[in-house]
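The structure appears below as structure tokens.
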Amino acid sequence: MFAQGVVGLMSAYIRGRNVNLTFRPPNRAPVRALHDFDVEVKEGEFLSIVGPSGCGKSTFLSILLGLIKPDSGELDLHGRRIDGPGTDRAMVFQEFGLLPWRTVQHNVELGLQLKGMPAAQRRNVAQHFIRMVGLVGFESHYPHELSGGMKQRVGIARALATDPEVLLMDEPFAALDAQTRDLMQVELLRIWHDTRKTVLFVTHQIDEAIYLSDRVLVMTKRPGRAKRIFAVDLPRPRDYEMRVTPQFNELKLEIWRALEDEIAV
Amino acid sequence: MAESDGLDMALAPAPAVDQDQAPPQSLWQRIEPTVLGISGILGVLLLWQALPAFVTLNAGTKLFFTPPSQVAATLWELFASGTIWAPLGVSAAGFAVGLGIAIAIGLPLGILIGRSETLNALCDPFITAFNATPRLVFLPLVLLWFGLGLWSKVVIVAFGAVFPLLINTHEGIRSADKLLINVVRSFGAKEWDVVRLVVVPNALPYIITGLRLAIGRAVLGVVVSEFFGSDQGLGVMMVQAASQYKVNIVFAGMLVFMALSLTMTSLIKALENHLDRWRPQRLASE
Amino acid sequence: MADAAAPRTGLLRSNRRILLGSLSVLAFFVAWQAVFLFVPLNSLFLTKPSLMFAALVRLTMSGQVFFDLGASAAPFAYGLAASVLIGVPTGILMGRRVRVGLALDPLFTVLYASPLVALAPLVVIFLGVGVTGKTFIVFLLTVFDFVFNAYAGVRAVDPLLLNVVRSFGGAEKDLYLKVIFPSVMPYIVAGARIGVGRALIGILIGEFFAASEGVGYEIVRFGNFFALDSMFAYILVVTLIAIVLTQGVRWAERAAFPWRVES
């Protein structure tokens, strides 16, 4: 029922090969974050990465984003080498990362402003994505006036506004309460369906990963490497009821077993 | 730790009352704080005015407790006759030039040491030492170097005002959120964009607070330098009046200085509150 | 941030700040001394470190430094003590009795924001230049530091804690002893940190005016005699004492209230 194992894909869109990274913090022993990490992602795919805390999954997103350079290994997007940030990728951050002195409108415009888009055009584009994430009427609110869920909607709108090919999501719903999180997952699937971005989604929650993704990649404990990949054969569009089907739960159990050995108590 | 003073507490809003839960207030409940506050000030003035009626004061003490009505009359006379304008102008010039120099030095230096660990480590002993020391201790030396007059005053004012600006700017620059810097970098920001979009907006409230503290120090500098080393200015007028036992003029001069400090501090405070609109809480400075 | 975080061995890295700081202080004094190898020293205008330290040793050996420090220390201590004794109860009262707080807050705010130093000439005339006059100037400059910090401290007391003590049958006295005083103490010490600096200003102003002893008086006197080596020695003494006092209060703060989160 499930395609298992690390599968080499013909139409690799994002390709990471033997990515290695070691952190060398001052005054402390070096930490090996990633060890020969391999990953391949198809265009338009929704891939989740789950793994124990500190396994380097968020670090990998930062490398993909271009904020951190790996010590060795290859990383290509659409055949182009990733070397620093670019407008083809955008990140949604766990702690939102909204500029507190900017209104919702101006936060969404951030990436466009850095691209050098004229102000009038910027406003229109931002308006479009504010509507998409359902924040019409909150354009002139400051972040501290918003709930956590609304803040992350701003974060998503900001990432989408620059029209990236790839959306990187680093535990985007981890700071939200359970109900808001469920709601945001439904919203994210709707937005993904409308925009057809390639999504890399890092999470701790197996449920979340299965519900959202085409495939789920399980990482080993630190130094992180790809352990197994699970394909999710649930039909789309997905609804909330799928989360209580036997199929869903079997897959959840299987992913949990792969993850279990990696979690040290 | 950003430098601050107790005035932050004096000017802090009243203890948090949950607006949602507070029952609708009557008119009296709303105006009570204002009424009480005004009566506090008026009460002290009245008491002062009425004091001679209750207690018999000896000649010397009577002089010190010159009634507020007489002080007000003297103040009116100083403005009406125009005698106050010349000394006031001299004091204002010293204040403005000194504060201007403090800003011109403190702001860029604060940004530099905020962005460079090395420069920070090099300057830190001097900043700590000068900031802990009352800069007044250099007054006799400054008088020796610059003589009586404007430039001594300017140096004292600038020297006094530069440190709160420098330290608060530094703190504001340093406290820029690493995550926000990463966010704008991820959108392709260059170093200059990081400064423009994150570092400076984050530091602005700190800088304004530093400016407010600097104004207080600058006024202090004007007063003190005119007491000891000037031939013109409001402070000089006050010392001369004191030596002639014209206590009214001393109090009147005091009121003018008071009005100047309060006006400028309130203006800056209003600016601070305006900048605070994006922040849920006030700066966490003691 | 702007510096590249080059990998360093731990010890060197952690001591880098101290090392750089000491180097820059050393360089300052060396440069100050060395510049007079090339430029003639006008001793009516400036001095050099060697002469300054020689004067410091001379004044220390003769005991004059201690005499002057003693003369300055007494009004410093009296003034601060008076500020604590009057300012703290006033602040607590303002915090506990809302109407008292509302009535006094604007008055004290106006006074606190004003340059009360401007009253120094009057104080000198009426109380003289001895211990009393200096004490009063110190008091005037520092009392509101304690009033407003105690006031803020009481207002910051968690009402929940008061109710906890009440629920265990605590009386008014217990509220003060168990909750209010412990909560207000850190604020008072924070007030002391600001107050110490302002008390030093007060002492100097008092002694600049017309004293016959004390550190501030001596600095002016040395200036009048163009004894710049002695003048610089005393300025150095004041600087060192100021650093010791302010850092001392900071240290005491951390030692006494480890439960306080550093802001």
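Residue numbering restarts at 1 for every chain of the structure tokens, chains are lettered A, B, ... in their displayed order, and ligands are numbered from 1 as they appear.
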Near range 253-269 of chain B, counting only C-alpha atoms, which residues have an atom at most 10 Å away, once you skip same-chain residues fewer than 3 positions from it, shown as number ranges by chain?
B: 7-8, 11, 71-72, 74-75, 78, 84, 88, 91-92, 208-209, 211-220, 222-223, 234-239, 241, 247-250, 272-275; C: 109-119
Name the residues in contact with range 106-120 of chain B at a cut-off of 8 Å, using only C-alpha atoms, excluding same-chain residues fewer than 3 positions from it; report them as a PDB file with N, CA and C atoms, in the first residue's frame.
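result-v9.pdb, freshly written:
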```pdb
ATOM      1  N   ALA B 102      26.365  66.568  21.483  1.00  0.00           N
ATOM      2  CA  ALA B 102      26.169  65.258  22.122  1.00  0.00           C
ATOM      3  C   ALA B 102      25.483  64.295  21.162  1.00  0.00           C
ATOM      4  N   ILE B 103      24.471  64.791  20.429  1.00  0.00           N
ATOM      5  CA  ILE B 103      23.767  63.932  19.470  1.00  0.00           C
ATOM      6  C   ILE B 103      24.700  63.539  18.330  1.00  0.00           C
ATOM      7  N   CYS B 123      36.041  50.302  23.768  1.00  0.00           N
ATOM      8  CA  CYS B 123      35.490  51.531  24.343  1.00  0.00           C
ATOM      9  C   CYS B 123      34.858  51.309  25.714  1.00  0.00           C
ATOM     10  N   ASP B 124      34.481  50.055  25.994  1.00  0.00           N
ATOM     11  CA  ASP B 124      33.674  49.786  27.178  1.00  0.00           C
ATOM     12  C   ASP B 124      34.249  50.337  28.492  1.00  0.00           C
ATOM     13  N   VAL B 162      26.052  63.230  26.444  1.00  0.00           N
ATOM     14  CA  VAL B 162      26.427  62.258  25.412  1.00  0.00           C
ATOM     15  C   VAL B 162      26.257  60.814  25.886  1.00  0.00           C
ATOM     16  N   PHE B 163      26.461  60.552  27.183  1.00  0.00           N
ATOM     17  CA  PHE B 163      26.487  59.146  27.613  1.00  0.00           C
ATOM     18  C   PHE B 163      25.131  58.457  27.598  1.00  0.00           C
ATOM     19  N   LEU B 165      22.734  59.045  25.654  1.00  0.00           N
ATOM     20  CA  LEU B 165      22.442  58.831  24.233  1.00  0.00           C
ATOM     21  C   LEU B 165      23.244  57.657  23.692  1.00  0.00           C
ATOM     22  N   LEU B 166      24.542  57.697  23.978  1.00  0.00           N
ATOM     23  CA  LEU B 166      25.462  56.667  23.496  1.00  0.00           C
ATOM     24  C   LEU B 166      25.038  55.290  23.996  1.00  0.00           C
ATOM     25  N   ILE B 167      24.762  55.198  25.289  1.00  0.00           N
ATOM     26  CA  ILE B 167      24.480  53.897  25.896  1.00  0.00           C
ATOM     27  C   ILE B 167      23.138  53.357  25.418  1.00  0.00           C
ATOM     28  N   ASN B 168      22.132  54.216  25.329  1.00  0.00           N
ATOM     29  CA  ASN B 168      20.830  53.738  24.879  1.00  0.00           C
ATOM     30  C   ASN B 168      20.842  53.377  23.404  1.00  0.00           C
ATOM     31  N   THR B 169      21.561  54.147  22.593  1.00  0.00           N
ATOM     32  CA  THR B 169      21.677  53.809  21.177  1.00  0.00           C
ATOM     33  C   THR B 169      22.341  52.450  21.023  1.00  0.00           C
ATOM     34  N   HIS B 170      23.442  52.287  21.741  1.00  0.00           N
ATOM     35  CA  HIS B 170      24.174  51.021  21.694  1.00  0.00           C
ATOM     36  C   HIS B 170      23.262  49.855  22.054  1.00  0.00           C
ATOM     37  N   GLU B 171      22.510  50.031  23.153  1.00  0.00           N
ATOM     38  CA  GLU B 171      21.614  48.974  23.614  1.00  0.00           C
ATOM     39  C   GLU B 171      20.539  48.681  22.561  1.00  0.00           C
ATOM     40  N   GLY B 172      20.010  49.757  21.974  1.00  0.00           N
ATOM     41  CA  GLY B 172      18.970  49.574  20.965  1.00  0.00           C
ATOM     42  C   GLY B 172      19.474  48.838  19.737  1.00  0.00           C
ATOM     43  N   ILE B 173      20.686  49.174  19.320  1.00  0.00           N
ATOM     44  CA  ILE B 173      21.274  48.516  18.149  1.00  0.00           C
ATOM     45  C   ILE B 173      21.527  47.050  18.459  1.00  0.00           C
ATOM     46  N   ARG B 174      22.054  46.812  19.657  1.00  0.00           N
ATOM     47  CA  ARG B 174      22.452  45.458  20.027  1.00  0.00           C
ATOM     48  C   ARG B 174      21.242  44.538  20.200  1.00  0.00           C
TER      49      ARG B 174
ATOM     50  N   MET C   1      28.272  41.365  15.894  1.00  0.00           N
ATOM     51  CA  MET C   1      27.453  40.931  14.780  1.00  0.00           C
ATOM     52  C   MET C   1      28.174  41.165  13.459  1.00  0.00           C
ATOM     53  N   ALA C   2      28.777  42.326  13.371  1.00  0.00           N
ATOM     54  CA  ALA C   2      29.463  42.631  12.125  1.00  0.00           C
ATOM     55  C   ALA C   2      30.791  41.887  12.034  1.00  0.00           C
ATOM     56  N   ASP C   3      31.271  41.447  13.193  1.00  0.00           N
ATOM     57  CA  ASP C   3      32.537  40.741  13.175  1.00  0.00           C
ATOM     58  C   ASP C   3      32.318  39.301  12.762  1.00  0.00           C
ATOM     59  N   ARG C  17      37.150  40.157  25.511  1.00  0.00           N
ATOM     60  CA  ARG C  17      36.623  41.460  25.922  1.00  0.00           C
ATOM     61  C   ARG C  17      37.516  42.110  26.968  1.00  0.00           C
ATOM     62  N   LEU C  20      40.911  43.056  25.433  1.00  0.00           N
ATOM     63  CA  LEU C  20      40.832  44.254  24.597  1.00  0.00           C
ATOM     64  C   LEU C  20      40.625  45.497  25.454  1.00  0.00           C
TER      65      LEU C  20
END
```
Interface residues on chain A facing chain C, 9 Å, only C-alpha atoms, written as a PDB file with N, CA and C atoms, in the first residue's frame:
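iface_32.pdb was written with the following content:
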```pdb
ATOM      1  N   ARG A  24      30.016  25.063  15.066  1.00  0.00           N
ATOM      2  CA  ARG A  24      31.156  25.245  15.970  1.00  0.00           C
ATOM      3  C   ARG A  24      30.913  26.462  16.855  1.00  0.00           C
ATOM      4  N   PRO A  25      30.080  26.281  17.882  1.00  0.00           N
ATOM      5  CA  PRO A  25      29.809  27.432  18.744  1.00  0.00           C
ATOM      6  C   PRO A  25      31.028  27.766  19.591  1.00  0.00           C
ATOM      7  N   PRO A  26      31.241  29.065  19.889  1.00  0.00           N
ATOM      8  CA  PRO A  26      32.382  29.444  20.712  1.00  0.00           C
ATOM      9  C   PRO A  26      32.247  28.833  22.111  1.00  0.00           C
ATOM     10  N   ASN A  27      33.341  28.438  22.680  1.00  0.00           N
ATOM     11  CA  ASN A  27      33.399  27.935  24.057  1.00  0.00           C
ATOM     12  C   ASN A  27      32.722  26.579  24.255  1.00  0.00           C
ATOM     13  N   ARG A  28      32.273  25.947  23.159  1.00  0.00           N
ATOM     14  CA  ARG A  28      31.614  24.661  23.361  1.00  0.00           C
ATOM     15  C   ARG A  28      32.086  23.665  22.312  1.00  0.00           C
TER      16      ARG A  28
END
```
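For the set A:Leu99, A:Ala209, A:Ile49, A:Ile63, the residue with the smallest atom-to-atom gap to chain B is A:Leu99, counting only C-alpha atoms.
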Using only C-alpha atoms, select each residue of chain C with any atom at most 7 Å away from an atom of chain B, and give the selection as a ChimeraX atom specification.
/C:1-3,17,20-21,24,45,102-107,109,113-115,118,121-122,145,148-149,152,155,194,197,200-201,204,220,223,235,239,242-243,246,263
Export of prior selection with N, CA and C atoms as a compact mmCIF listing (two decimals), in the first residue's frame:
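Printed below is out37.txt as written:
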```txt
# COMPACT_ATOMS: atom_id res chain seq x y z
N MET C 1 28.27 41.36 15.89
CA MET C 1 27.45 40.93 14.78
C MET C 1 28.17 41.16 13.46
N ALA C 2 28.78 42.33 13.37
CA ALA C 2 29.46 42.63 12.13
C ALA C 2 30.79 41.89 12.03
N ASP C 3 31.27 41.45 13.19
CA ASP C 3 32.54 40.74 13.18
C ASP C 3 32.32 39.30 12.76
N ARG C 17 37.15 40.16 25.51
CA ARG C 17 36.62 41.46 25.92
C ARG C 17 37.52 42.11 26.97
N LEU C 20 40.91 43.06 25.43
CA LEU C 20 40.83 44.25 24.60
C LEU C 20 40.62 45.50 25.45
N GLY C 21 39.75 45.37 26.47
CA GLY C 21 39.46 46.51 27.34
C GLY C 21 40.70 46.96 28.08
N SER C 24 43.14 48.64 25.79
CA SER C 24 42.80 49.99 25.35
C SER C 24 43.03 51.00 26.48
N PHE C 45 48.34 73.71 32.09
CA PHE C 45 47.20 73.37 31.25
C PHE C 45 46.86 71.89 31.31
N LEU C 102 -2.42 59.45 44.01
CA LEU C 102 -2.93 60.32 42.95
C LEU C 102 -2.65 61.79 43.26
N ALA C 103 -2.75 62.15 44.55
CA ALA C 103 -2.57 63.56 44.92
C ALA C 103 -1.11 63.98 44.81
N LEU C 104 -0.19 63.07 45.17
CA LEU C 104 1.22 63.48 45.23
C LEU C 104 1.97 63.22 43.93
N ASP C 105 1.47 62.29 43.12
CA ASP C 105 2.20 61.89 41.93
C ASP C 105 2.56 63.06 41.01
N PRO C 106 1.58 63.90 40.60
CA PRO C 106 1.95 65.00 39.68
C PRO C 106 2.94 65.99 40.30
N LEU C 107 2.72 66.32 41.58
CA LEU C 107 3.61 67.26 42.26
C LEU C 107 5.05 66.74 42.24
N THR C 109 6.29 64.40 40.37
CA THR C 109 6.81 64.23 39.01
C THR C 109 7.40 65.54 38.50
N ALA C 113 11.33 66.01 37.68
CA ALA C 113 11.78 66.32 36.32
C ALA C 113 12.48 67.67 36.27
N SER C 114 12.43 68.44 37.37
CA SER C 114 13.06 69.76 37.33
C SER C 114 14.51 69.66 37.80
N PRO C 115 15.31 70.59 37.32
CA PRO C 115 16.69 70.65 37.82
C PRO C 115 16.71 71.25 39.22
N ALA C 118 19.20 73.71 40.79
CA ALA C 118 19.13 75.16 40.68
C ALA C 118 18.83 75.82 42.03
N PRO C 121 22.13 77.45 45.25
CA PRO C 121 22.57 78.72 45.84
C PRO C 121 21.78 79.08 47.09
N LEU C 122 20.48 78.82 47.07
CA LEU C 122 19.66 79.11 48.23
C LEU C 122 20.03 78.23 49.41
N ASP C 145 14.26 59.60 43.80
CA ASP C 145 14.65 58.29 43.29
C ASP C 145 14.02 57.19 44.15
N PHE C 148 9.86 57.32 43.99
CA PHE C 148 9.23 56.75 42.79
C PHE C 148 9.54 55.27 42.63
N ASN C 149 10.72 54.85 43.08
CA ASN C 149 10.99 53.41 42.97
C ASN C 149 10.17 52.61 43.96
N ALA C 152 6.61 52.57 42.57
CA ALA C 152 6.49 51.60 41.48
C ALA C 152 6.55 50.17 42.02
N ARG C 155 3.22 49.23 43.52
CA ARG C 155 2.21 49.03 42.48
C ARG C 155 2.42 47.74 41.71
N ILE C 194 20.55 54.59 41.00
CA ILE C 194 20.44 55.91 40.38
C ILE C 194 20.83 56.98 41.40
N GLY C 197 24.60 57.93 42.01
CA GLY C 197 25.15 58.84 41.00
C GLY C 197 24.74 60.28 41.26
N LEU C 200 26.49 61.83 44.27
CA LEU C 200 27.84 62.30 43.95
C LEU C 200 27.78 63.69 43.32
N ILE C 201 26.81 63.88 42.42
CA ILE C 201 26.64 65.20 41.82
C ILE C 201 26.36 66.23 42.91
N LEU C 204 29.47 67.15 44.90
CA LEU C 204 30.40 67.99 44.13
C LEU C 204 29.87 69.43 44.04
N VAL C 220 38.67 72.19 42.94
CA VAL C 220 38.61 73.60 42.57
C VAL C 220 39.88 74.33 43.04
N GLY C 223 42.82 73.58 41.02
CA GLY C 223 42.66 74.29 39.75
C GLY C 223 43.11 75.74 39.87
N ILE C 235 40.59 63.84 40.48
CA ILE C 235 39.56 63.43 39.50
C ILE C 235 39.58 61.91 39.33
N THR C 239 36.60 59.27 40.05
CA THR C 239 36.19 58.30 39.04
C THR C 239 36.19 56.89 39.60
N ALA C 242 33.41 56.39 42.08
CA ALA C 242 32.12 56.31 41.40
C ALA C 242 31.93 54.93 40.78
N ILE C 243 32.98 54.40 40.15
CA ILE C 243 32.86 53.06 39.55
C ILE C 243 32.60 52.02 40.62
N THR C 246 28.88 52.40 41.95
CA THR C 246 27.79 51.96 41.07
C THR C 246 27.89 50.47 40.78
N SER C 263 16.66 42.41 33.44
CA SER C 263 15.88 42.99 32.33
C SER C 263 16.76 43.19 31.11
```
All strand (DSSP E) residues (DSSP, backbone) inside range 165-234 of chain A, as a VMD selection string
chain A and resid 166 to 170 198 to 203 215 to 219 226 to 231
Distance limit 7 Å, atoms considered: only C-alpha atoms. Which chain A residues sit that close to chain B? Return them as a list in words.
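Interface list for chain A against chain B: Leu65, Leu67, Pro85, Gly86, Thr87, Gly97, Leu99, Pro100, Trp101, Gly111, Leu114, Tyr142 and His144 of chain A.
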Could you save the residues just selected, with N, CA and C atoms, as a PDB file, in the first residue's frame?
```pdb
ATOM      1  N   LEU A  65      17.176  27.673   2.357  1.00  0.00           N
ATOM      2  CA  LEU A  65      16.833  29.085   2.218  1.00  0.00           C
ATOM      3  C   LEU A  65      18.050  29.904   1.818  1.00  0.00           C
ATOM      4  N   LEU A  67      20.480  30.770   4.118  1.00  0.00           N
ATOM      5  CA  LEU A  67      20.998  31.546   5.241  1.00  0.00           C
ATOM      6  C   LEU A  67      22.231  30.902   5.855  1.00  0.00           C
ATOM      7  N   PRO A  85      20.378  33.412  -0.320  1.00  0.00           N
ATOM      8  CA  PRO A  85      18.924  33.580  -0.472  1.00  0.00           C
ATOM      9  C   PRO A  85      18.554  33.966  -1.891  1.00  0.00           C
ATOM     10  N   GLY A  86      17.329  33.619  -2.298  1.00  0.00           N
ATOM     11  CA  GLY A  86      16.869  33.987  -3.624  1.00  0.00           C
ATOM     12  C   GLY A  86      15.368  34.100  -3.631  1.00  0.00           C
ATOM     13  N   THR A  87      14.832  34.782  -4.641  1.00  0.00           N
ATOM     14  CA  THR A  87      13.389  35.012  -4.653  1.00  0.00           C
ATOM     15  C   THR A  87      12.612  33.774  -5.069  1.00  0.00           C
ATOM     16  N   GLY A  97       8.226  35.877  12.998  1.00  0.00           N
ATOM     17  CA  GLY A  97       9.221  36.792  12.447  1.00  0.00           C
ATOM     18  C   GLY A  97       8.626  38.011  11.773  1.00  0.00           C
ATOM     19  N   LEU A  99       7.859  41.965  11.541  1.00  0.00           N
ATOM     20  CA  LEU A  99       8.465  43.183  12.058  1.00  0.00           C
ATOM     21  C   LEU A  99       7.418  43.903  12.907  1.00  0.00           C
ATOM     22  N   PRO A 100       7.666  44.047  14.215  1.00  0.00           N
ATOM     23  CA  PRO A 100       6.612  44.530  15.115  1.00  0.00           C
ATOM     24  C   PRO A 100       6.206  45.976  14.833  1.00  0.00           C
ATOM     25  N   TRP A 101       7.086  46.746  14.199  1.00  0.00           N
ATOM     26  CA  TRP A 101       6.778  48.154  13.938  1.00  0.00           C
ATOM     27  C   TRP A 101       6.077  48.343  12.597  1.00  0.00           C
ATOM     28  N   GLY A 111       9.015  41.540   1.312  1.00  0.00           N
ATOM     29  CA  GLY A 111       9.817  40.918   0.257  1.00  0.00           C
ATOM     30  C   GLY A 111       9.726  41.680  -1.051  1.00  0.00           C
ATOM     31  N   LEU A 114      11.945  44.669  -0.972  1.00  0.00           N
ATOM     32  CA  LEU A 114      13.347  44.330  -1.185  1.00  0.00           C
ATOM     33  C   LEU A 114      13.618  43.933  -2.633  1.00  0.00           C
ATOM     34  N   TYR A 142      -1.177  46.229  13.916  1.00  0.00           N
ATOM     35  CA  TYR A 142       0.195  45.856  14.215  1.00  0.00           C
ATOM     36  C   TYR A 142       0.211  44.418  14.722  1.00  0.00           C
ATOM     37  N   HIS A 144       1.250  42.926  17.302  1.00  0.00           N
ATOM     38  CA  HIS A 144       0.879  42.620  18.687  1.00  0.00           C
ATOM     39  C   HIS A 144      -0.633  42.666  18.901  1.00  0.00           C
TER      40      HIS A 144
END
```
With a distance cut-off of 8 Å and only C-alpha atoms, select the neighbouring residues of range 130-138 of chain C, excluding the residue or stretch itself and same-chain residues fewer than 6 positions from it, and output the selection as a ChimeraX atom specification.
/C:74-76,78-80,117,120,123-124,198-203,206-207,211
Just-selected residues, C-alpha atoms written as a PDB file, in the first residue's frame:
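Output file out07.pdb follows:
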```pdb
ATOM      1  CA  ALA C  74      29.668  62.119  55.754  1.00  0.00           C
ATOM      2  CA  PRO C  75      27.120  64.330  53.942  1.00  0.00           C
ATOM      3  CA  PHE C  76      26.937  61.736  51.152  1.00  0.00           C
ATOM      4  CA  TYR C  78      23.600  61.358  55.684  1.00  0.00           C
ATOM      5  CA  GLY C  79      21.845  62.667  52.611  1.00  0.00           C
ATOM      6  CA  LEU C  80      21.247  59.218  51.160  1.00  0.00           C
ATOM      7  CA  VAL C 117      20.174  71.623  41.524  1.00  0.00           C
ATOM      8  CA  ALA C 120      21.746  75.000  45.432  1.00  0.00           C
ATOM      9  CA  VAL C 123      20.573  76.012  50.189  1.00  0.00           C
ATOM     10  CA  VAL C 124      24.110  77.293  50.549  1.00  0.00           C
ATOM     11  CA  ARG C 198      22.985  61.827  41.814  1.00  0.00           C
ATOM     12  CA  ALA C 199      24.328  61.977  45.370  1.00  0.00           C
ATOM     13  CA  LEU C 200      27.844  62.296  43.946  1.00  0.00           C
ATOM     14  CA  ILE C 201      26.641  65.203  41.818  1.00  0.00           C
ATOM     15  CA  GLY C 202      25.107  66.780  44.903  1.00  0.00           C
ATOM     16  CA  ILE C 203      28.318  66.477  46.906  1.00  0.00           C
ATOM     17  CA  GLY C 206      27.954  71.590  47.370  1.00  0.00           C
ATOM     18  CA  GLU C 207      31.725  71.512  47.541  1.00  0.00           C
ATOM     19  CA  ALA C 211      33.348  74.562  51.097  1.00  0.00           C
TER      20      ALA C 211
END
```
Could you write out, as number ranges by chain, all the residues of range 54-218 of chain A that DSSP marks as helix (DSSP H, G or I)?
A: 57-65, 104-108, 110-115, 119-132, 143-145, 148-161, 178-195, 206-212
For range 234-238 of chain A, find every residue with an atom within 10 Å (counting only C-alpha atoms), except residues of its own chain fewer than 2 positions away, and show them as a list of chain:residue names.
A:Val186, A:Leu189, A:Arg190, A:His193, A:Ile210, A:Tyr211, A:Leu212, A:Ser213, A:Asp214, A:Ala231, A:Val232, A:Tyr240, A:Glu241, A:Met242, A:Arg243, A:Gln247, A:Phe248
What's around range 252-257 of chain A at 12 Å? Count only C-alpha atoms, leave out sequence neighbours fewer than 4 positions away in its own chain, and write the answer as a VMD selection string.
chain A and resid 2 4 to 5 48 to 52 204 to 211 215 to 219 227 to 232 243 to 248 261 to 263
Using CA of Glu213 in chain C and CA of Leu240 in chain C as the two end points, give the distance in Å to one decimal.
19.6 Å
From the set C:Leu51, C:Met185, C:Ala255, C:Val35, which residue has the shortest atom-to-atom contact distance to Ile92 in chain C, counting only C-alpha atoms?
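Going through C:Leu51, C:Met185, C:Ala255, C:Val35 one by one, the smallest distance to Ile92 in chain C is for C:Met185.
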